[in-house]
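The file my_file.cif comes next; it holds mmCIF, C-alpha atoms and all ligand atoms.
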```cif
data_start
#
loop_
_atom_site.label_atom_id
_atom_site.label_comp_id
_atom_site.auth_asym_id
_atom_site.auth_seq_id
_atom_site.Cartn_x
_atom_site.Cartn_y
_atom_site.Cartn_z
CA MET A 5 -15.36 -32.25 -20.93
CA ALA A 6 -15.20 -28.58 -19.91
CA LYS A 7 -11.84 -27.53 -18.49
CA HIS A 8 -11.85 -25.72 -15.15
CA VAL A 9 -10.22 -22.29 -15.30
CA VAL A 10 -9.68 -20.95 -11.77
CA ILE A 11 -8.77 -17.29 -11.35
CA LEU A 12 -7.38 -16.17 -7.99
CA GLY A 13 -8.19 -12.53 -7.21
CA ALA A 14 -10.96 -10.30 -8.57
CA GLY A 15 -8.85 -7.17 -8.94
CA TYR A 16 -7.87 -5.33 -12.11
CA GLY A 17 -6.06 -8.33 -13.61
CA GLY A 18 -8.42 -11.10 -12.43
CA ILE A 19 -11.65 -9.46 -13.60
CA GLN A 20 -10.29 -8.76 -17.08
CA ALA A 21 -8.87 -12.30 -17.32
CA ALA A 22 -12.26 -13.79 -16.36
CA LEU A 23 -14.24 -11.62 -18.81
CA GLU A 24 -11.83 -12.25 -21.69
CA THR A 25 -11.61 -16.03 -21.09
CA ARG A 26 -15.39 -16.23 -21.08
CA ARG A 27 -15.60 -14.14 -24.27
CA GLY A 28 -13.53 -16.67 -26.20
CA LEU A 29 -14.89 -19.96 -24.86
CA THR A 30 -18.30 -21.62 -24.76
CA ALA A 31 -19.66 -23.22 -21.58
CA ASP A 32 -18.83 -26.66 -23.07
CA ALA A 33 -15.18 -25.70 -23.39
CA ALA A 34 -14.55 -24.09 -20.01
CA LYS A 35 -16.01 -23.59 -16.58
CA ILE A 36 -14.66 -20.36 -15.07
CA THR A 37 -14.42 -19.70 -11.34
CA ILE A 38 -13.04 -16.51 -9.78
CA VAL A 39 -11.95 -16.65 -6.14
CA ASN A 40 -11.84 -13.49 -4.02
CA ARG A 41 -11.77 -12.74 -0.29
CA GLU A 42 -14.31 -9.91 -0.55
CA PRO A 43 -17.68 -10.09 -2.30
CA PHE A 44 -16.75 -7.05 -4.41
CA HIS A 45 -14.28 -5.72 -6.96
CA GLN A 46 -12.43 -2.76 -5.47
CA LEU A 47 -11.28 0.28 -7.41
CA ILE A 48 -7.96 0.26 -5.57
CA THR A 49 -6.69 3.25 -7.56
CA GLU A 50 -9.37 5.35 -5.82
CA LEU A 51 -8.65 4.18 -2.24
CA HIS A 52 -7.09 7.50 -1.23
CA GLN A 53 -10.53 9.09 -1.49
CA PRO A 54 -12.38 7.05 1.18
CA ALA A 55 -9.18 6.96 3.28
CA ALA A 56 -9.32 10.76 3.51
CA GLY A 57 -13.11 10.84 3.82
CA ARG A 58 -14.07 12.26 0.42
CA LEU A 59 -15.96 9.19 -0.79
CA GLN A 60 -17.69 6.33 0.96
CA GLU A 61 -16.41 2.79 0.49
CA LYS A 62 -19.54 1.84 -1.47
CA ASN A 63 -18.57 4.38 -4.16
CA ILE A 64 -15.45 2.41 -5.04
CA THR A 65 -16.70 -1.16 -4.77
CA ILE A 66 -18.71 -3.19 -7.26
CA PRO A 67 -20.50 -6.31 -5.96
CA LEU A 68 -19.17 -9.33 -7.86
CA ASP A 69 -22.62 -10.89 -8.14
CA LYS A 70 -23.90 -7.79 -9.97
CA LEU A 71 -20.76 -7.35 -12.06
CA LEU A 72 -20.62 -10.96 -13.22
CA SER A 73 -24.32 -11.74 -13.28
CA GLY A 74 -25.35 -13.70 -16.40
CA LYS A 75 -21.74 -13.97 -17.58
CA ARG A 76 -21.05 -17.67 -16.89
CA ILE A 77 -18.36 -16.82 -14.35
CA GLY A 78 -18.74 -18.54 -11.00
CA VAL A 79 -17.73 -16.62 -7.87
CA CYS A 80 -16.14 -18.40 -4.92
CA LEU A 81 -15.77 -16.18 -1.85
CA GLY A 82 -12.87 -17.16 0.35
CA GLU A 83 -9.30 -16.61 1.40
CA VAL A 84 -6.76 -18.43 -0.78
CA ALA A 85 -4.35 -20.17 1.61
CA SER A 86 -2.07 -22.11 -0.75
CA ILE A 87 -1.55 -23.57 -4.20
CA GLN A 88 -0.55 -27.21 -4.73
CA LEU A 89 1.09 -27.24 -8.16
CA ASP A 90 1.62 -31.02 -8.22
CA LYS A 91 -2.06 -31.82 -7.49
CA ARG A 92 -3.36 -28.79 -9.46
CA THR A 93 -5.43 -27.66 -6.50
CA VAL A 94 -5.95 -24.46 -4.54
CA ALA A 95 -6.64 -24.65 -0.80
CA LEU A 96 -8.85 -22.07 0.85
CA ALA A 97 -8.54 -20.97 4.47
CA ASP A 98 -11.89 -22.66 5.34
CA GLY A 99 -10.34 -26.05 4.44
CA SER A 100 -12.07 -26.45 1.07
CA GLU A 101 -10.18 -27.19 -2.15
CA LEU A 102 -10.63 -26.24 -5.79
CA LYS A 103 -9.23 -28.37 -8.60
CA TYR A 104 -8.05 -26.57 -11.74
CA ASP A 105 -6.92 -27.38 -15.25
CA ILE A 106 -5.72 -23.82 -15.80
CA LEU A 107 -4.87 -21.41 -13.01
CA VAL A 108 -4.61 -17.62 -13.20
CA VAL A 109 -2.89 -16.01 -10.22
CA ALA A 110 -3.95 -12.36 -9.86
CA LEU A 111 -3.70 -11.84 -6.10
CA GLY A 112 -2.01 -8.43 -6.25
CA SER A 113 0.80 -7.50 -3.88
CA GLU A 114 1.61 -7.07 -0.20
CA SER A 115 3.40 -4.20 1.53
CA GLU A 116 7.20 -4.25 1.59
CA TYR A 117 8.63 -2.98 4.90
CA PHE A 118 12.34 -3.29 3.93
CA GLY A 119 13.09 -4.68 7.41
CA ILE A 120 12.46 -1.27 9.05
CA GLU A 121 12.20 -1.86 12.78
CA GLY A 122 8.62 -1.67 14.13
CA LEU A 123 7.15 -0.44 10.84
CA LYS A 124 4.76 -3.31 10.18
CA GLU A 125 3.41 -3.24 13.73
CA ASN A 126 3.07 0.54 14.00
CA SER A 127 1.83 1.72 10.62
CA PHE A 128 -1.28 1.71 8.48
CA VAL A 129 -1.36 0.45 4.90
CA LEU A 130 -3.75 1.35 2.11
CA LYS A 131 -4.50 -1.76 0.11
CA SER A 132 -8.23 -2.35 0.57
CA VAL A 133 -11.44 -0.54 1.45
CA HIS A 134 -11.10 -1.95 4.98
CA ASP A 135 -7.71 -0.22 5.27
CA ALA A 136 -9.27 3.01 3.97
CA THR A 137 -12.00 2.86 6.64
CA ARG A 138 -9.43 2.20 9.35
CA ILE A 139 -7.32 5.19 8.28
CA ARG A 140 -10.26 7.58 8.05
CA SER A 141 -11.62 6.73 11.49
CA HIS A 142 -8.13 6.86 13.05
CA ILE A 143 -7.59 10.36 11.64
CA GLU A 144 -10.92 11.57 12.99
CA ASP A 145 -10.12 10.01 16.39
CA CYS A 146 -6.75 11.82 16.47
CA ILE A 147 -8.37 15.17 15.66
CA GLU A 148 -11.07 14.65 18.28
CA ARG A 149 -8.49 13.57 20.88
CA TYR A 150 -6.36 16.65 20.18
CA LYS A 151 -9.17 18.81 21.56
CA VAL A 152 -8.55 17.17 24.94
CA THR A 153 -4.80 16.44 24.86
CA GLU A 154 -3.47 19.33 22.77
CA ASP A 155 -0.65 16.89 21.99
CA PRO A 156 0.96 17.89 18.64
CA ALA A 157 1.56 14.17 17.90
CA ASP A 158 -2.22 13.80 17.53
CA LEU A 159 -2.21 16.31 14.69
CA THR A 160 0.94 15.05 12.93
CA PHE A 161 0.14 12.76 10.02
CA ALA A 162 2.97 11.10 8.10
CA VAL A 163 2.77 9.26 4.79
CA GLY A 164 5.78 7.02 4.16
CA GLY A 165 6.66 6.74 0.47
CA ALA A 166 6.16 9.40 -2.19
CA GLY A 167 5.24 7.21 -5.15
CA LEU A 168 1.85 7.35 -6.84
CA THR A 169 -0.07 5.93 -3.85
CA GLY A 170 1.62 8.12 -1.24
CA ILE A 171 1.27 11.33 -3.23
CA GLU A 172 -2.37 10.71 -4.18
CA LEU A 173 -3.13 10.01 -0.53
CA ILE A 174 -1.36 13.05 0.88
CA GLY A 175 -3.05 15.30 -1.71
CA GLU A 176 -6.41 14.05 -0.56
CA LEU A 177 -5.50 14.41 3.13
CA ALA A 178 -4.35 17.99 2.51
CA ASP A 179 -7.85 18.80 1.23
CA MET A 180 -9.89 16.78 3.71
CA ILE A 181 -8.11 17.17 7.09
CA PRO A 182 -9.00 20.89 7.36
CA ILE A 183 -12.66 19.89 6.85
CA PHE A 184 -12.46 17.32 9.69
CA CYS A 185 -10.72 19.93 11.86
CA LYS A 186 -13.53 22.43 11.30
CA LYS A 187 -16.10 19.75 12.15
CA HIS A 188 -14.35 19.06 15.48
CA GLY A 189 -13.52 22.70 16.33
CA VAL A 190 -9.75 22.28 15.90
CA ASP A 191 -7.57 24.92 14.23
CA PRO A 192 -6.18 23.33 11.02
CA LYS A 193 -3.07 25.50 11.37
CA ASN A 194 -1.88 23.06 14.05
CA VAL A 195 -1.90 20.13 11.59
CA LYS A 196 1.42 18.76 10.28
CA LEU A 197 1.26 16.72 7.11
CA LEU A 198 4.55 15.01 6.25
CA SER A 199 5.64 13.13 3.14
CA VAL A 200 8.61 10.95 4.16
CA GLU A 201 10.65 9.50 1.29
CA ALA A 202 14.06 7.79 1.20
CA MET A 203 14.73 8.82 -2.41
CA PRO A 204 15.70 12.42 -3.16
CA THR A 205 12.66 12.95 -5.43
CA ILE A 206 8.96 12.19 -5.43
CA LEU A 207 6.86 10.34 -8.04
CA PRO A 208 9.56 8.23 -9.75
CA GLY A 209 8.96 8.00 -13.49
CA PHE A 210 7.46 11.50 -13.77
CA PRO A 211 9.56 14.29 -15.36
CA GLU A 212 10.96 17.02 -13.12
CA SER A 213 8.59 19.63 -14.57
CA LEU A 214 5.63 17.60 -13.23
CA THR A 215 7.17 16.61 -9.89
CA ASP A 216 8.01 20.28 -9.25
CA ARG A 217 4.41 21.15 -10.12
CA ALA A 218 3.13 18.46 -7.72
CA LYS A 219 5.41 19.65 -4.92
CA ALA A 220 4.30 23.26 -5.37
CA SER A 221 0.62 22.29 -5.32
CA LEU A 222 0.98 20.15 -2.19
CA SER A 223 3.31 22.55 -0.34
CA ALA A 224 0.77 25.34 -0.87
CA ARG A 225 -1.73 23.17 1.02
CA GLY A 226 0.65 22.56 3.93
CA VAL A 227 2.48 19.35 2.96
CA GLU A 228 6.10 19.19 4.16
CA PHE A 229 8.49 16.99 2.18
CA LEU A 230 11.18 15.04 4.03
CA THR A 231 12.90 13.53 0.99
CA GLY A 232 16.27 11.81 0.69
CA VAL A 233 16.17 10.51 4.22
CA PRO A 234 15.03 6.95 5.03
CA LEU A 235 12.81 6.01 7.90
CA VAL A 236 14.76 3.64 10.18
CA LYS A 237 12.42 2.92 13.09
CA MET A 238 8.72 3.22 13.85
CA GLU A 239 7.27 3.15 17.35
CA PRO A 240 3.62 3.69 18.40
CA ASP A 241 4.19 7.39 19.00
CA GLN A 242 7.29 8.32 17.02
CA ALA A 243 9.16 7.81 13.77
CA THR A 244 12.97 7.96 13.62
CA LEU A 245 14.74 9.05 10.42
CA LYS A 246 18.27 8.02 9.42
CA ASP A 247 19.66 11.51 10.08
CA GLY A 248 18.50 11.22 13.70
CA ARG A 249 15.38 13.35 13.36
CA ILE A 250 12.43 12.17 15.42
CA ILE A 251 8.83 12.82 14.40
CA GLN A 252 6.30 12.58 17.20
CA THR A 253 3.21 11.01 15.60
CA HIS A 254 0.61 8.31 16.06
CA THR A 255 0.03 8.11 12.32
CA MET A 256 2.37 6.60 9.76
CA ILE A 257 0.61 5.43 6.61
CA TRP A 258 3.12 3.24 4.79
CA THR A 259 2.99 3.25 0.99
CA GLY A 260 6.75 2.88 0.51
CA GLY A 261 6.92 -0.38 -1.41
CA VAL A 262 5.24 -3.58 -2.50
CA ARG A 263 6.34 -7.16 -2.83
CA GLY A 264 4.78 -10.30 -4.30
CA HIS A 265 1.86 -11.96 -2.53
CA SER A 266 2.84 -14.49 0.17
CA VAL A 267 0.66 -17.19 -1.44
CA VAL A 268 2.76 -16.83 -4.61
CA GLN A 269 6.02 -16.83 -2.64
CA ASN A 270 5.03 -20.05 -0.85
CA SER A 271 3.55 -21.79 -3.87
CA GLY A 272 6.72 -23.36 -5.26
CA LEU A 273 6.52 -21.13 -8.34
CA GLU A 274 9.82 -19.52 -9.29
CA VAL A 275 9.95 -16.06 -7.70
CA GLU A 276 12.48 -13.21 -7.70
CA PRO A 277 13.84 -11.68 -4.45
CA ARG A 278 10.82 -9.34 -4.08
CA GLY A 279 8.48 -12.36 -4.21
CA ARG A 280 6.98 -11.79 -7.66
CA ALA A 281 6.60 -14.82 -9.95
CA ARG A 282 8.92 -15.15 -12.92
CA ILE A 283 6.86 -15.47 -16.08
CA ASN A 284 7.52 -16.06 -19.78
CA ASP A 285 6.45 -13.79 -22.65
CA SER A 286 2.97 -15.36 -22.71
CA LEU A 287 2.52 -14.67 -18.96
CA GLN A 288 2.90 -18.34 -17.93
CA ALA A 289 4.85 -19.18 -14.78
CA GLU A 290 8.31 -20.59 -15.48
CA GLY A 291 8.02 -24.39 -15.74
CA HIS A 292 4.23 -24.36 -15.36
CA PRO A 293 2.44 -23.68 -18.66
CA GLU A 294 -0.91 -24.36 -16.95
CA VAL A 295 -0.36 -21.43 -14.55
CA PHE A 296 -0.60 -17.79 -15.66
CA VAL A 297 0.52 -15.04 -13.27
CA ILE A 298 -0.59 -11.46 -13.94
CA GLY A 299 -0.69 -7.99 -12.41
CA ASP A 300 1.26 -7.11 -9.27
CA SER A 301 1.87 -10.80 -8.49
CA ALA A 302 4.16 -11.16 -11.53
CA LEU A 303 7.56 -9.76 -12.47
CA LEU A 304 7.23 -8.20 -15.90
CA LEU A 305 10.50 -6.91 -17.31
CA ASN A 306 10.80 -4.03 -19.75
CA LYS A 307 12.93 -5.55 -22.54
CA GLU A 308 14.48 -2.18 -23.42
CA THR A 309 15.63 -1.21 -19.94
CA GLY A 310 15.84 -4.64 -18.31
CA ARG A 311 14.00 -3.15 -15.32
CA PRO A 312 10.61 -4.30 -13.99
CA TYR A 313 7.55 -2.34 -15.11
CA PRO A 314 6.06 -0.44 -12.16
CA PRO A 315 2.95 -2.17 -10.79
CA THR A 316 -0.13 -0.40 -12.13
CA ALA A 317 -3.81 -1.11 -12.63
CA GLN A 318 -3.38 -0.30 -16.30
CA LEU A 319 -0.73 -3.00 -16.73
CA ALA A 320 -2.66 -5.54 -14.62
CA GLY A 321 -5.77 -5.02 -16.79
CA GLN A 322 -3.81 -5.41 -20.04
CA MET A 323 -2.16 -8.57 -18.71
CA GLY A 324 -5.61 -9.88 -17.71
CA ILE A 325 -7.00 -9.41 -21.22
CA HIS A 326 -3.92 -10.97 -22.83
CA CYS A 327 -4.02 -13.88 -20.39
CA GLY A 328 -7.69 -14.55 -21.26
CA GLN A 329 -6.77 -14.63 -24.96
CA GLN A 330 -3.91 -17.08 -24.30
CA ILE A 331 -6.22 -19.35 -22.32
CA TYR A 332 -8.67 -19.71 -25.17
CA SER A 333 -5.82 -20.17 -27.64
CA LEU A 334 -4.36 -22.88 -25.40
CA LEU A 335 -7.69 -24.70 -25.02
CA LYS A 336 -8.39 -24.49 -28.76
CA GLY A 337 -4.89 -25.78 -29.60
CA GLY A 338 -3.72 -22.44 -31.06
CA GLU A 339 -0.37 -20.65 -30.78
CA LEU A 340 0.41 -18.49 -27.76
CA GLU A 341 1.36 -14.86 -28.37
CA PRO A 342 3.85 -12.71 -26.43
CA PHE A 343 2.45 -9.90 -24.28
CA THR A 344 3.34 -6.31 -25.17
CA PRO A 345 2.27 -3.56 -22.76
CA HIS A 346 0.82 -0.36 -24.24
CA THR A 347 1.49 2.66 -22.08
CA GLN A 348 -1.43 5.05 -22.31
CA GLY A 349 0.14 7.44 -19.82
CA THR A 350 0.00 7.97 -16.08
CA LEU A 351 -2.11 10.41 -14.12
CA ALA A 352 -1.64 11.30 -10.46
CA SER A 353 -4.36 13.02 -8.51
CA LEU A 354 -3.16 15.73 -6.10
CA GLY A 355 -6.45 16.19 -4.26
CA ARG A 356 -9.97 17.15 -5.13
CA LYS A 357 -9.21 19.67 -7.86
CA ASP A 358 -5.66 19.13 -9.01
CA ALA A 359 -3.70 16.44 -10.84
CA ILE A 360 -0.71 15.93 -13.10
CA GLY A 361 0.01 13.41 -15.78
CA MET A 362 1.51 12.28 -19.05
CA VAL A 363 -0.88 11.05 -21.71
CA GLY A 364 -0.58 9.12 -24.95
CA GLU A 365 2.42 7.55 -26.62
CA ARG A 366 4.09 10.99 -26.80
CA ARG A 367 3.66 11.47 -23.05
CA LEU A 368 2.09 14.92 -23.33
CA GLU A 369 2.16 16.69 -20.00
CA VAL A 370 -1.15 17.76 -18.47
CA THR A 371 -1.79 19.57 -15.19
CA GLY A 372 -4.60 21.01 -13.11
CA LYS A 373 -8.28 20.51 -13.85
CA PRO A 374 -7.77 18.97 -17.33
CA ALA A 375 -5.55 16.30 -15.73
CA ALA A 376 -8.14 15.73 -12.98
CA TRP A 377 -10.90 15.34 -15.62
CA LEU A 378 -8.74 12.93 -17.61
CA LYS A 379 -8.20 10.88 -14.45
CA GLU A 380 -11.96 10.76 -13.82
CA GLY A 381 -12.47 9.91 -17.51
CA SER A 382 -10.07 6.98 -17.31
CA LYS A 383 -12.03 5.59 -14.34
CA LEU A 384 -15.31 5.85 -16.27
CA ARG A 385 -13.72 4.23 -19.33
CA TYR A 386 -12.53 1.34 -17.17
CA LEU A 387 -15.94 0.89 -15.57
CA THR A 388 -17.60 0.88 -18.98
CA GLN A 389 -15.09 -1.65 -20.29
CA ILE A 390 -15.79 -4.16 -17.51
CA GLY A 391 -19.55 -3.47 -17.50
CA GLY A 392 -19.40 -1.97 -14.00
CA LEU A 393 -20.68 1.56 -14.61
CA PHE A 394 -24.17 0.86 -13.26
CA ALA A 395 -23.29 -2.11 -11.06
CA ARG A 396 -21.86 -0.18 -8.10
CA ALA A 397 -23.31 -0.90 -4.65
C1 LIG A 401 -4.05 3.94 -3.13
C2 LIG A 401 -3.53 3.40 -4.43
C3 LIG A 401 -3.57 4.20 -5.57
C4 LIG A 401 -3.14 3.70 -6.80
N1 LIG A 401 -3.24 4.50 -7.88
C5 LIG A 401 -2.96 3.99 -9.10
C6 LIG A 401 -3.21 4.77 -10.29
O1 LIG A 401 -3.61 5.94 -10.21
N2 LIG A 401 -2.97 4.18 -11.49
C7 LIG A 401 -2.56 2.87 -11.61
O2 LIG A 401 -2.43 2.37 -12.73
N3 LIG A 401 -2.29 2.12 -10.51
C8 LIG A 401 -2.49 2.64 -9.27
N4 LIG A 401 -2.26 1.87 -8.14
C9 LIG A 401 -1.71 0.50 -8.30
C10 LIG A 401 -2.82 -0.50 -8.71
O3 LIG A 401 -3.93 -0.35 -7.87
C11 LIG A 401 -2.30 -1.93 -8.68
O4 LIG A 401 -1.16 -2.02 -9.50
C12 LIG A 401 -3.41 -2.88 -9.17
O5 LIG A 401 -4.47 -2.91 -8.25
C13 LIG A 401 -2.87 -4.31 -9.39
O6 LIG A 401 -3.90 -5.11 -9.87
P1 LIG A 401 -3.93 -6.69 -9.54
O7 LIG A 401 -5.06 -7.26 -10.31
O8 LIG A 401 -2.58 -7.27 -9.72
O9 LIG A 401 -4.23 -6.77 -7.99
P2 LIG A 401 -5.41 -6.14 -7.14
O10 LIG A 401 -6.15 -5.13 -7.90
O11 LIG A 401 -4.76 -5.75 -5.85
O12 LIG A 401 -6.37 -7.37 -6.91
C14 LIG A 401 -6.04 -8.47 -6.09
C15 LIG A 401 -7.33 -9.13 -5.63
O13 LIG A 401 -7.00 -10.33 -4.93
C16 LIG A 401 -7.71 -10.38 -3.72
N5 LIG A 401 -6.91 -11.18 -2.78
C17 LIG A 401 -5.67 -10.90 -2.31
N6 LIG A 401 -5.24 -11.89 -1.51
C18 LIG A 401 -6.23 -12.82 -1.47
C19 LIG A 401 -6.36 -14.09 -0.86
N7 LIG A 401 -5.39 -14.62 -0.09
N8 LIG A 401 -7.50 -14.77 -1.05
C20 LIG A 401 -8.49 -14.27 -1.84
N9 LIG A 401 -8.43 -13.08 -2.46
C21 LIG A 401 -7.30 -12.37 -2.29
C22 LIG A 401 -7.85 -8.93 -3.29
O14 LIG A 401 -8.91 -8.78 -2.38
C23 LIG A 401 -8.12 -8.26 -4.64
O15 LIG A 401 -9.49 -8.32 -4.98
C24 LIG A 401 -2.65 2.36 -6.90
C25 LIG A 401 -2.59 1.56 -5.75
C26 LIG A 401 -3.02 2.06 -4.53
C27 LIG A 401 -2.96 1.16 -3.30
#
```

Transcribe the structure of this file into structure tokens.
Ligand SMILES: Cc1cc2nc3c(=O)[nH]c(=O)nc-3n(C[C@H](O)[C@H](O)[C@H](O)COP(=O)(O)OP(=O)(O)OC[C@H]3O[C@@H](n4cnc5c(N)ncnc54)[C@H](O)[C@@H]3O)c2cc1C
Amino acid sequence: MAKHVVILGAGYGGIQAALETRRGLTADAAKITIVNREPFHQLITELHQPAAGRLQEKNITIPLDKLLSGKRIGVCLGEVASIQLDKRTVALADGSELKYDILVVALGSESEYFGIEGLKENSFVLKSVHDATRIRSHIEDCIERYKVTEDPADLTFAVGGAGLTGIELIGELADMIPIFCKKHGVDPKNVKLLSVEAMPTILPGFPESLTDRAKASLSARGVEFLTGVPLVKMEPDQATLKDGRIIQTHTMIWTGGVRGHSVVQNSGLEVEPRGRARINDSLQAEGHPEVFVIGDSALLLNKETGRPYPPTAQLAGQMGIHCGQQIYSLLKGGELEPFTPHTQGTLASLGRKDAIGMVGERRLEVTGKPAAWLKEGSKLRYLTQIGGLFARA
């Protein structure tokens, strides 16, 4: 009888896991179901663009029915509420249940607020197209309101966290906010765009030559860096920094950290303090060979440094493909193989026309338009790989 492979999450890891599992198994061997809360696959790495108003949401979403049409992968739309490891079932928020033989958990991550007072209640996050829409309309509202109030807090926009997400977002805002200002008859010179970061540097993992280049590019477009000073309190109209500085603002977009998904934390799977599942070399959850955990939901340690790999779409996709291969090995009685990540480099967009990055095994540094083209190229390569190039909404 066909085994039921249930994949939770249709993000970078889940989609690749579904496609690869299906590639290696006939319909007689496995029935594959992917569960997702939205009816589309989101290009999360592009979210900064709709958040700042450059692209529309439909440009970065791919309907799952189009993407998976004719591929023997069933789609179940719903919110995963919990996993019952003992019964091998997944409960959805609507009360329904799915029984699995093999489970792939690819639910991504949630924001980490590090216990900062008021931050969760008084900040925006950027984790979905819905968040992007919320941010864009809030920014336009602030600019429009400023015309009436002339309150500087309405034109002060802070991004908390200067990792990849925070920097890509602020680069995009630096390009797009002046356009919104013009549209609403507001002088863009009155805008304050702040990058707030507890660490002394931006973009961890990038060499100093590139972080200096990124800072210069963003500063030239009006971004102010408040680095080396943690945020300690967030209220609806002000942010307080550890050195006592107060920033009057109605906008804090928090990109300062991620933690494992709450469904994973509450599942009974073994998790580390940041809520990510502990997995073995073949990506199976500790003590549960029938459960694979991939992408941001899992803790993947770099054997050389002993430190976790940073959560990226690239890594999630590679884990998805490897996980699919292990599933068909498992069902065909073959040996499981350890997962080895292959770093192809990292690119960070700094707005519409600028980017920085390191490419290839030798981590060659690229900047400016060539880096921006490479970034666009990597998106197109990904879309081609999953068969999503012509499936967008
Ligand atoms: C703005 C931004 C820019 C980024 N830029 C880059 C970049 O340039 N390069 C890079 O490599 N990485 C980048 N990242 C990180 C990258 O996007 C993540 O590491 C990647 O998305 C992780 O993939 P995943 O499959 O683990 O999870 P996700 O892609 O987050 O997928 C999780 C899926 O699960 C669904 N889901 C979650 N909870 C539930 C639930 N309870 N029920 C049902 N469905 C659920 C979600 O809707 C989603 O479809 C960026 C992230 C952000 C936010």

Might I get the box with edges along x, y and z of the file that holds all atoms of ligand LIG 401 (chain A) listed there, padded by 5 Å on every side, given as centre and edge lengths in Å to one decimal, as lines of an AutoDock Vina configuration file?
```
center_x = -5.3
center_y = -4.4
center_z = -6.4
size_x = 18.3
size_y = 30.7
size_z = 22.6
```

Against ligand LIG 401 (chain A), which residues of chain A fall within 7 Å? For each one I want the closest pair of atoms and the distance in Å (one decimal), counting all atoms listed in the file, rows by chain and increasing residue number, as CSV.
```
residue,atom,partner,partner_atom,distance
A:Leu12,CA,A:LIG401,N9,6.4
A:Gly13,CA,A:LIG401,O13,3.4
A:Ala14,CA,A:LIG401,O15,4.4
A:Gly15,CA,A:LIG401,O12,3.2
A:Tyr16,CA,A:LIG401,O7,3.9
A:Gly17,CA,A:LIG401,O7,3.6
A:Gly18,CA,A:LIG401,O7,5.5
A:Val39,CA,A:LIG401,C20,6.0
A:Asn40,CA,A:LIG401,N9,3.8
A:Arg41,CA,A:LIG401,C20,3.9
A:Glu42,CA,A:LIG401,O14,5.8
A:His45,CA,A:LIG401,O15,5.8
A:Gln46,CA,A:LIG401,O15,6.3
A:Ile48,CA,A:LIG401,O3,4.7
A:Thr49,CA,A:LIG401,C4,3.7
A:Glu50,CA,A:LIG401,C3,5.9
A:Leu51,CA,A:LIG401,C1,4.7
A:His52,CA,A:LIG401,C1,5.1
A:Gly82,CA,A:LIG401,C20,5.7
A:Glu83,CA,A:LIG401,N8,3.6
A:Val84,CA,A:LIG401,N8,3.7
A:Ala85,CA,A:LIG401,N7,5.9
A:Ala110,CA,A:LIG401,O7,5.2
A:Leu111,CA,A:LIG401,O13,3.8
A:Gly112,CA,A:LIG401,O9,3.3
A:Ser113,CA,A:LIG401,O11,6.2
A:Leu130,CA,A:LIG401,C27,5.5
A:Lys131,CA,A:LIG401,C27,4.7
A:Leu168,CA,A:LIG401,N1,5.9
A:Thr169,CA,A:LIG401,C3,4.3
A:Glu172,CA,A:LIG401,C3,6.8
A:Leu173,CA,A:LIG401,C1,6.7
A:Val267,CA,A:LIG401,N7,6.7
A:Ile298,CA,A:LIG401,O8,6.3
A:Gly299,CA,A:LIG401,O8,3.4
A:Asp300,CA,A:LIG401,O8,3.9
A:Ser301,CA,A:LIG401,O8,5.8
A:Pro315,CA,A:LIG401,O4,4.3
A:Thr316,CA,A:LIG401,O4,3.3
A:Ala317,CA,A:LIG401,O2,3.7
A:Gln318,CA,A:LIG401,O2,4.6
A:Leu319,CA,A:LIG401,O2,6.9
A:Ala320,CA,A:LIG401,O6,4.9
A:Gly321,CA,A:LIG401,O7,6.9
A:Thr350,CA,A:LIG401,N2,6.7
A:Leu351,CA,A:LIG401,O1,6.1
A:Ala352,CA,A:LIG401,O1,5.7
```

Review point. In Å, how far is it from atom CA of A:Ala34 to atom CA of A:Ile11?
Key: 12.4 Å

Point to revise | Close residues, stretch 288-297 of chain A itself excluded, 7 Å, all atoms listed in the file, min 2 positions apart in chain, as a PyMOL selection string | key: chain A and resi 105-110+273-274+281-284+286+301-302

Practice item. Compile the contact shell of A:Gly355 as a ChimeraX atom specification: residues with an atom at most 7 Å away, counting only C-alpha atoms, same-chain residues fewer than 4 positions apart removed. Key: /A:172,175-176,179

Check your understanding: Of the residues A:Ile36, A:Val233, A:Met238, A:Ala136, which is the one nearest to A:Leu102, using only C-alpha atoms?
Key ->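 Closest to A:Leu102 of all the choices is A:Ile36.
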
Write out as a PDB file with C-alpha atoms, in the coordinates of the input each polymer residue whose atoms come within 10 Å of A:Thr344, counting all atoms listed in the file; drop sequence neighbours fewer than 3 positions from it.
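Wrote selection_26.pdb, looks like this:
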```
ATOM      1  CA  ASP A 285       6.450 -13.790 -22.650  1.00  0.00           C
ATOM      2  CA  SER A 286       2.970 -15.360 -22.710  1.00  0.00           C
ATOM      3  CA  ASN A 306      10.800  -4.030 -19.750  1.00  0.00           C
ATOM      4  CA  LYS A 307      12.930  -5.550 -22.540  1.00  0.00           C
ATOM      5  CA  LEU A 319      -0.730  -3.000 -16.730  1.00  0.00           C
ATOM      6  CA  GLN A 322      -3.810  -5.410 -20.040  1.00  0.00           C
ATOM      7  CA  MET A 323      -2.160  -8.570 -18.710  1.00  0.00           C
ATOM      8  CA  HIS A 326      -3.920 -10.970 -22.830  1.00  0.00           C
ATOM      9  CA  GLU A 341       1.360 -14.860 -28.370  1.00  0.00           C
ATOM     10  CA  THR A 347       1.490   2.660 -22.080  1.00  0.00           C
TER      11      THR A 347
END
```

**Study point:** Nearest-residue call for A:Ser221, choices A:Asp358, A:Glu380, A:Phe184, A:Val133, using only C-alpha atoms
**Key:** A:Asp358
